[in-house]
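Peer 1: Here you go, this is query-v7.csv (CSV, C-alpha atoms).
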```csv
chain,number,residue,atom,x,y,z
A,1,MET,CA,15.8,5.3,4.9
A,2,ARG,CA,14.7,1.7,4.9
A,3,THR,CA,11.2,0.8,3.7
A,4,VAL,CA,9.6,-2.7,3.7
A,5,ILE,CA,6.8,-3.3,1.2
A,6,ALA,CA,4.2,-6.1,1.6
A,7,GLY,CA,3.2,-7.4,-1.8
A,8,GLY,CA,6.7,-6.7,-3.1
A,9,HIS,CA,6.1,-8.3,-6.6
A,10,GLY,CA,2.9,-6.3,-7.3
A,11,GLN,CA,2.8,-3.9,-10.2
A,12,ILE,CA,2.7,-0.8,-8.0
A,13,ALA,CA,5.2,-2.3,-5.6
A,14,LEU,CA,7.8,-3.0,-8.2
A,15,ARG,CA,7.5,0.6,-9.5
A,16,LEU,CA,7.8,1.9,-6.0
A,17,GLU,CA,10.9,-0.2,-5.3
A,18,ARG,CA,12.6,1.2,-8.4
A,19,LEU,CA,11.9,4.8,-7.3
A,20,LEU,CA,13.1,4.3,-3.7
A,21,ALA,CA,16.2,2.4,-4.8
A,22,ALA,CA,17.0,5.1,-7.4
A,23,ARG,CA,16.9,7.8,-4.8
A,24,GLY,CA,19.3,5.8,-2.6
A,25,ASP,CA,16.9,4.4,-0.1
A,26,GLU,CA,17.2,0.8,1.2
A,27,VAL,CA,14.1,-1.2,0.2
A,28,ALA,CA,12.9,-4.7,0.9
A,29,GLY,CA,9.9,-6.4,-0.7
A,30,ILE,CA,7.9,-9.3,0.9
A,31,ILE,CA,7.0,-11.9,-1.6
A,32,ARG,CA,5.3,-15.3,-1.5
A,33,LYS,CA,7.3,-17.1,-4.2
A,34,ALA,CA,11.1,-17.5,-4.3
A,35,GLU,CA,11.0,-17.4,-8.1
A,36,GLN,CA,9.9,-13.7,-7.9
A,37,ALA,CA,13.2,-12.7,-6.1
A,38,ASP,CA,15.1,-11.8,-9.3
A,39,ASP,CA,12.5,-9.3,-10.4
A,40,LEU,CA,12.9,-7.5,-7.0
A,41,ARG,CA,16.7,-7.5,-7.2
A,42,GLU,CA,16.4,-6.1,-10.7
A,43,ALA,CA,14.2,-3.3,-9.2
A,44,GLY,CA,16.9,-2.6,-6.6
A,45,ALA,CA,15.0,-4.3,-3.7
A,46,GLU,CA,16.0,-7.0,-1.3
A,47,PRO,CA,13.6,-9.9,-1.7
A,48,VAL,CA,12.1,-11.3,1.6
A,49,VAL,CA,10.2,-14.6,1.0
A,50,LEU,CA,7.3,-14.8,3.5
A,51,ASP,CA,3.6,-15.8,3.0
A,52,LEU,CA,1.5,-13.2,4.8
A,53,GLU,CA,-1.5,-15.6,4.7
A,54,SER,CA,0.2,-18.1,7.0
A,55,ALA,CA,2.9,-16.1,8.8
A,56,SER,CA,2.7,-15.1,12.4
A,57,VAL,CA,2.9,-11.5,13.7
A,58,ASP,CA,6.3,-12.3,15.3
A,59,GLU,CA,7.6,-13.6,11.9
A,60,VAL,CA,6.5,-10.5,10.1
A,61,ALA,CA,7.7,-8.2,12.8
A,62,GLU,CA,11.2,-9.8,12.6
A,63,ARG,CA,11.4,-8.7,8.9
A,64,LEU,CA,10.2,-5.2,9.8
A,65,ARG,CA,12.7,-4.5,12.6
A,66,GLY,CA,15.0,-1.6,11.8
A,67,ALA,CA,12.8,-0.2,9.0
A,68,ASP,CA,11.8,3.4,8.9
A,69,ALA,CA,8.6,2.8,7.0
A,70,ALA,CA,6.2,0.0,6.0
A,71,VAL,CA,4.0,0.0,2.9
A,72,PHE,CA,1.1,-2.4,2.5
A,73,ALA,CA,0.7,-2.9,-1.3
A,74,ALA,CA,-0.4,-6.5,-1.3
A,75,GLY,CA,-3.6,-7.7,-3.0
A,76,ALA,CA,-5.3,-11.0,-3.8
A,77,GLY,CA,-5.6,-9.9,-7.4
A,78,PRO,CA,-8.4,-9.7,-9.9
A,79,GLY,CA,-8.5,-13.5,-10.5
A,80,SER,CA,-9.0,-14.4,-6.9
A,81,GLY,CA,-12.2,-15.5,-5.1
A,82,ALA,CA,-14.0,-14.0,-2.1
A,83,ALA,CA,-12.0,-16.0,0.4
A,84,ARG,CA,-8.7,-14.5,-0.6
A,85,LYS,CA,-10.1,-11.0,-0.4
A,86,ASP,CA,-10.5,-11.7,3.3
A,87,THR,CA,-7.1,-13.5,3.8
A,88,VAL,CA,-5.0,-11.0,1.8
A,89,ASP,CA,-6.8,-7.7,1.4
A,90,LYS,CA,-8.1,-7.6,5.0
A,91,SER,CA,-6.2,-10.1,7.2
A,92,ALA,CA,-2.8,-9.7,5.7
A,93,ALA,CA,-3.1,-5.9,6.0
A,94,VAL,CA,-4.1,-6.3,9.7
A,95,LEU,CA,-1.2,-8.7,10.3
A,96,PHE,CA,1.3,-6.3,8.6
A,97,ALA,CA,0.0,-3.4,10.7
A,98,ASP,CA,0.2,-5.3,14.0
A,99,ALA,CA,3.7,-6.4,13.0
A,100,ALA,CA,4.8,-2.8,12.3
A,101,VAL,CA,3.5,-1.9,15.8
A,102,GLN,CA,5.4,-4.7,17.4
A,103,ALA,CA,8.6,-3.9,15.4
A,104,GLY,CA,8.4,-0.2,16.4
A,105,VAL,CA,7.9,1.0,12.8
A,106,ARG,CA,5.7,4.1,13.1
A,107,ARG,CA,5.4,5.2,9.5
A,108,PHE,CA,2.8,3.1,7.7
A,109,VAL,CA,1.2,3.6,4.3
A,110,ILE,CA,-1.5,1.4,3.0
A,111,VAL,CA,-2.7,1.1,-0.6
A,112,SER,CA,-6.4,0.9,-0.4
A,113,SER,CA,-9.1,1.4,-3.1
A,114,MET,CA,-11.5,4.1,-3.9
A,115,GLY,CA,-14.9,3.1,-2.5
A,116,ALA,CA,-13.4,1.0,0.2
A,117,ASP,CA,-16.0,0.8,3.0
A,118,PRO,CA,-16.6,-1.9,5.7
A,119,ARG,CA,-20.4,-1.3,5.3
A,120,HIS,CA,-20.3,-1.6,1.5
A,121,GLN,CA,-23.4,-3.6,0.3
A,122,GLY,CA,-23.5,-6.4,-2.3
A,123,ASP,CA,-22.4,-10.0,-2.9
A,124,GLU,CA,-20.2,-9.7,-6.0
A,125,ILE,CA,-16.5,-10.4,-5.7
A,126,PHE,CA,-15.7,-6.7,-6.1
A,127,ASP,CA,-18.2,-5.9,-3.3
A,128,VAL,CA,-16.4,-8.3,-1.0
A,129,TYR,CA,-13.1,-6.7,-2.0
A,130,LEU,CA,-14.3,-3.2,-1.1
A,131,ARG,CA,-15.6,-4.4,2.3
A,132,ALA,CA,-12.3,-6.1,3.0
A,133,LYS,CA,-10.3,-3.0,2.1
A,134,GLY,CA,-12.6,-0.9,4.1
A,135,GLU,CA,-12.2,-3.2,7.2
A,136,ALA,CA,-8.4,-3.1,6.8
A,137,ASP,CA,-8.4,0.7,6.6
A,138,ALA,CA,-10.7,1.0,9.7
A,139,TYR,CA,-8.4,-1.3,11.6
A,140,VAL,CA,-5.3,0.7,10.7
A,141,ARG,CA,-7.0,3.9,11.7
A,142,GLY,CA,-7.5,2.5,15.2
A,143,LEU,CA,-3.8,2.0,15.8
A,144,ASP,CA,-2.4,4.9,17.7
A,145,ALA,CA,1.1,3.4,17.5
A,146,LEU,CA,1.2,4.0,13.8
A,147,ASP,CA,1.7,7.2,11.8
A,148,TRP,CA,-0.6,5.9,9.1
A,149,THR,CA,-1.6,7.3,5.7
A,150,ILE,CA,-4.3,5.5,3.6
A,151,LEU,CA,-4.1,6.0,-0.2
A,152,ARG,CA,-7.1,5.2,-2.3
A,153,PRO,CA,-6.3,5.3,-6.0
A,154,GLY,CA,-9.0,5.5,-8.7
A,155,GLN,CA,-9.1,3.2,-11.7
A,156,LEU,CA,-5.5,1.9,-12.2
A,157,THR,CA,-4.1,2.0,-15.7
A,158,ASP,CA,-0.8,0.9,-17.3
A,159,ASP,CA,-0.5,4.2,-19.2
A,160,ALA,CA,2.8,6.0,-18.8
A,161,GLY,CA,2.8,8.3,-15.8
A,162,THR,CA,2.4,12.0,-16.3
A,163,GLY,CA,3.6,13.1,-12.8
A,164,LEU,CA,0.4,15.1,-12.6
A,165,VAL,CA,-2.2,14.1,-10.0
A,166,ARG,CA,-5.2,15.2,-7.9
A,167,LEU,CA,-4.7,14.1,-4.3
A,168,GLU,CA,-7.4,15.1,-1.9
A,169,ALA,CA,-9.7,13.6,0.8
A,170,HIS,CA,-12.4,13.3,-2.0
A,171,THR,CA,-11.5,13.5,-5.6
A,172,GLY,CA,-14.4,11.8,-7.3
A,173,ARG,CA,-13.7,8.9,-9.6
A,174,GLY,CA,-11.2,8.8,-12.4
A,175,PRO,CA,-8.2,6.9,-13.8
A,176,ILE,CA,-4.6,7.0,-12.5
A,177,PRO,CA,-1.5,5.3,-14.0
A,178,ARG,CA,0.3,2.9,-11.7
A,179,ASP,CA,3.5,4.9,-12.4
A,180,ASP,CA,1.9,7.9,-10.7
A,181,VAL,CA,0.5,5.9,-7.8
A,182,ALA,CA,4.1,4.7,-7.1
A,183,ALA,CA,5.4,8.2,-7.4
A,184,VAL,CA,2.9,9.4,-4.8
A,185,LEU,CA,3.7,6.5,-2.5
A,186,ALA,CA,7.4,7.4,-2.7
A,187,GLU,CA,6.6,11.0,-1.6
A,188,LEU,CA,4.1,9.9,1.1
A,189,VAL,CA,6.6,7.5,2.7
A,190,ASP,CA,8.9,10.5,3.1
A,191,THR,CA,6.2,12.9,4.3
A,192,PRO,CA,5.1,11.9,7.9
A,193,ALA,CA,3.1,15.2,8.0
A,194,THR,CA,0.4,13.3,6.0
A,195,ALA,CA,-0.1,10.9,8.9
A,196,GLY,CA,-3.8,10.5,9.9
A,197,LEU,CA,-5.1,11.2,6.4
A,198,THR,CA,-7.1,9.1,4.0
A,199,LEU,CA,-6.5,10.3,0.5
A,200,GLU,CA,-8.1,9.7,-2.9
A,201,LEU,CA,-5.8,9.8,-6.0
A,202,ILE,CA,-6.6,10.3,-9.7
A,203,SER,CA,-4.8,12.0,-12.5
A,204,GLY,CA,-5.0,15.8,-12.3
A,205,PRO,CA,-3.3,19.1,-12.6
A,206,ALA,CA,-0.6,19.1,-9.8
A,207,PRO,CA,2.9,17.7,-9.9
A,208,VAL,CA,3.2,14.9,-7.4
A,209,SER,CA,5.5,16.7,-5.0
A,210,VAL,CA,3.2,19.7,-5.0
A,211,ALA,CA,0.1,17.6,-4.4
A,212,VAL,CA,1.7,15.8,-1.4
A,213,LYS,CA,3.0,19.0,0.1
A,214,SER,CA,-0.4,20.5,-0.3
A,215,VAL,CA,-2.2,17.8,1.7
A,216,ALA,CA,0.6,17.8,4.3
A,217,GLY,CA,-0.1,21.5,4.9
A,218,ASN,CA,3.2,22.7,3.5
```
Any chance you could put this one into structure tokens?

Peer 2:
Amino acid sequence: MRTVIAGGHGQIALRLERLLAARGDEVAGIIRKAEQADDLREAGAEPVVLDLESASVDEVAERLRGADAAVFAAGAGPGSGAARKDTVDKSAAVLFADAAVQAGVRRFVIVSSMGADPRHQGDEIFDVYLRAKGEADAYVRGLDALDWTILRPGQLTDDAGTGLVRLEAHTGRGPIPRDDVAAVLAELVDTPATAGLTLELISGPAPVSVAVKSVAGN
């Protein structure tokens, strides 16, 4: 299986790349800076240098051709201003989804955020972020050509993963190690029966594979 990940140098993406490569999958990560390439190679991923803030749909689709799945894990990051919430968290996600449609990649997983909502009120940077993520999610939901799953993790931590999670339509707020987010993503990529679901994720009682099978109806 070949998976292409947008935001390939992000903390969750690097973890996901290691997991996919370790199970024998082919994985490529889209990055903005050539100097990030060695980190991806070390994780077992093929680096693809492409700036999603300036690339065309055709350029992104070219990188997606032949893939079995696409994962949007890019983000403007905590230090960025409101403008980049729009260009990365919203517009780059829309671009990546359109490119997946053009390239014929049906399986599409997007890493969103708990509380994402296009109608979210407020003028703080985080409010802008939640609106941008919500608008991206709404756009992806409208694409019939994609078998999409939206994952909305709770408060991200760098604690070691436990492999135990709560994955449901509504979990309530709570923390989740990035290790466990990556483990859930690796399962979701491989579980097209979760298509059409928007899922919240926090630490909980269920092993990752059991939690994913449960929401998939297995």

Peer 1: Which residue out of A:Asp190, A:Gly29, A:Ala132, A:Glu42 has the minimum interatomic distance to Ala83 (chain A) when only C-alpha atoms are used?

Peer 2: A:Ala132

Peer 1: Go through A:Val208, A:Val128, A:Ala6, A:Val165 one by one, measure the shortest atom-to-atom distance of each to Val111 (chain A) using all atoms listed in the file, and give the residue with the smallest value.

Peer 2: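 Nearest candidate to Val111 (chain A) out of A:Val208, A:Val128, A:Ala6, A:Val165: A:Ala6.
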
Peer 1: I'd like to know which of A:Gly75, A:Leu167, A:Val101, A:Ala92 is closest to Leu130 (chain A), using all atoms listed in the file.

Peer 2: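 Closest candidate: A:Gly75.
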
Peer 1: Quick one: residues within 8 Å of Leu201 (chain A), all atoms listed in the file, excluding same-chain residues fewer than 5 positions away - as a PyMOL selection string?

Peer 2: chain A and resi 151-154+165-168+171+176+181

Peer 1: Quick one: of A:Ser209, A:Thr3, A:Ser56, A:Gln11, who's nearest to Gly77 (chain A), counting only C-alpha atoms?

Peer 2: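 Looking only at the distances to Gly77 (chain A), the closest residue turns out to be A:Gln11.
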
Peer 1: Return the single residue from A:Leu164, A:Val4, A:Gln36, A:Leu156 that is closest to Arg178 (chain A), with distances computed using all atoms listed in the file.

Peer 2: A:Leu156

Peer 1: Identify, on the basis of all atoms listed in the file, every residue whose closest approach to Gly79 (chain A) does not exceed 12 Å; exclude the query and any residue fewer than 6 positions from it along the same chain; express the result as a PDB file with C-alpha atoms, keeping the file's coordinate frame.

Peer 2:
```pdb
ATOM      1  CA  LYS A  85     -10.100 -11.000  -0.400  1.00  0.00           C
ATOM      2  CA  ILE A 125     -16.500 -10.400  -5.700  1.00  0.00           C
ATOM      3  CA  PHE A 126     -15.700  -6.700  -6.100  1.00  0.00           C
ATOM      4  CA  TYR A 129     -13.100  -6.700  -2.000  1.00  0.00           C
TER       5      TYR A 129
END
```

Peer 1: With all atoms listed in the file as the atoms that count, which of A:Leu52, A:Ala195, A:Ile12, A:Val71 lies nearest to Gly161 (chain A)?

Peer 2: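 Once distances to Gly161 (chain A) are computed over all atoms listed in the file, the minimum belongs to A:Ile12.
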